[in-house]
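Colleague: Here's a structure for you.
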Amino acid sequence: MSQREIGHIRRFFIIHAENMRPMVKMSRIGVAAKISLTLLIGYVDMVTDILATLSYHRQEGRQGVTYAMTGCILLTLFTQAAFTFVQYKKKSWMEKGPRTVLALFGFAPILEGYNSWRGVNDSDTMLSA
């Protein structure tokens, strides 16, 4: 290819790259909005589960339902923590420990959403054989 052709191709791509910059920026904002909405719905669901459990706890004769609902909430949190622990099995305890504790308290989706929004691709965290 001649230098003249390379110059034309370069100008073509520079013009189109400048036109694509706002679309890429809006795409990133759209991803952030999608992740934020998903997190919001998940946490609102968790809060309503806790509030429903508390309302059953205050009613006479509903302690069995309260224990069952509390068990379901705790089971999901412990399961999430266990999967986080297994997911980061190749990482050191300094990385694995805090992430597992965050998952135990229900904050793992925030961290994972933030890392996804930043574009962090950590191949060591994938569940692989």
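Here, A, B, ... name the chains of the structure tokens in the order displayed, residue numbers run from 1 inside each chain, and ligands are numbered from 1 in the same displayed order.
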Neighbours of A:Gly42 within 10 Å (only C-alpha atoms; same-chain residues fewer than 6 positions away dropped), as JSON, numbers by chain?

Modeller: {"A": [36, 106, 109]}

Colleague: Could you pull out all residues of stretch 35-124 of chain A with a DSSP call of helix (DSSP H, G or I) and give them as a ChimeraX atom specification?

Modeller: /A:35-58,63-87,93-104,108-118,123-124

Colleague: Using only C-alpha atoms, determine which residues lie at most 10 Å from A:Ala108, disregarding the query and same-chain residues fewer than 3 positions distant; provide the list as a ChimeraX atom specification.

Modeller: /A:77,80-81,84,98-105,111-114

Colleague: Which value, in Å to one decimal, gives the distance between atom CA of A:Lys96 and atom CA of A:Asp49?

Modeller: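 Between these atoms lies a distance of 28.0 Å.
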
Colleague: Show me, as a list in words, the residues that have an atom within 10 Å of A:Leu40 when counting only C-alpha atoms, minus same-chain residues fewer than 6 positions from it.

Modeller: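 Final neighbour list, sorted by chain and number: Lys34, Met46 and Ile110 of chain A.
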
Colleague: Just how far from atom CA of A:Val47 is atom CA of A:Val65, in Å to one decimal?

Modeller: 17.1 Å

Colleague: Just to confirm, what's the straight-line distance from atom CA of A:Ile29 to atom CA of A:Tyr43 in Å (one decimal)?

Modeller: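 Taking atom CA of A:Ile29 as the start and atom CA of A:Tyr43 as the end point, the length is 20.8 Å.
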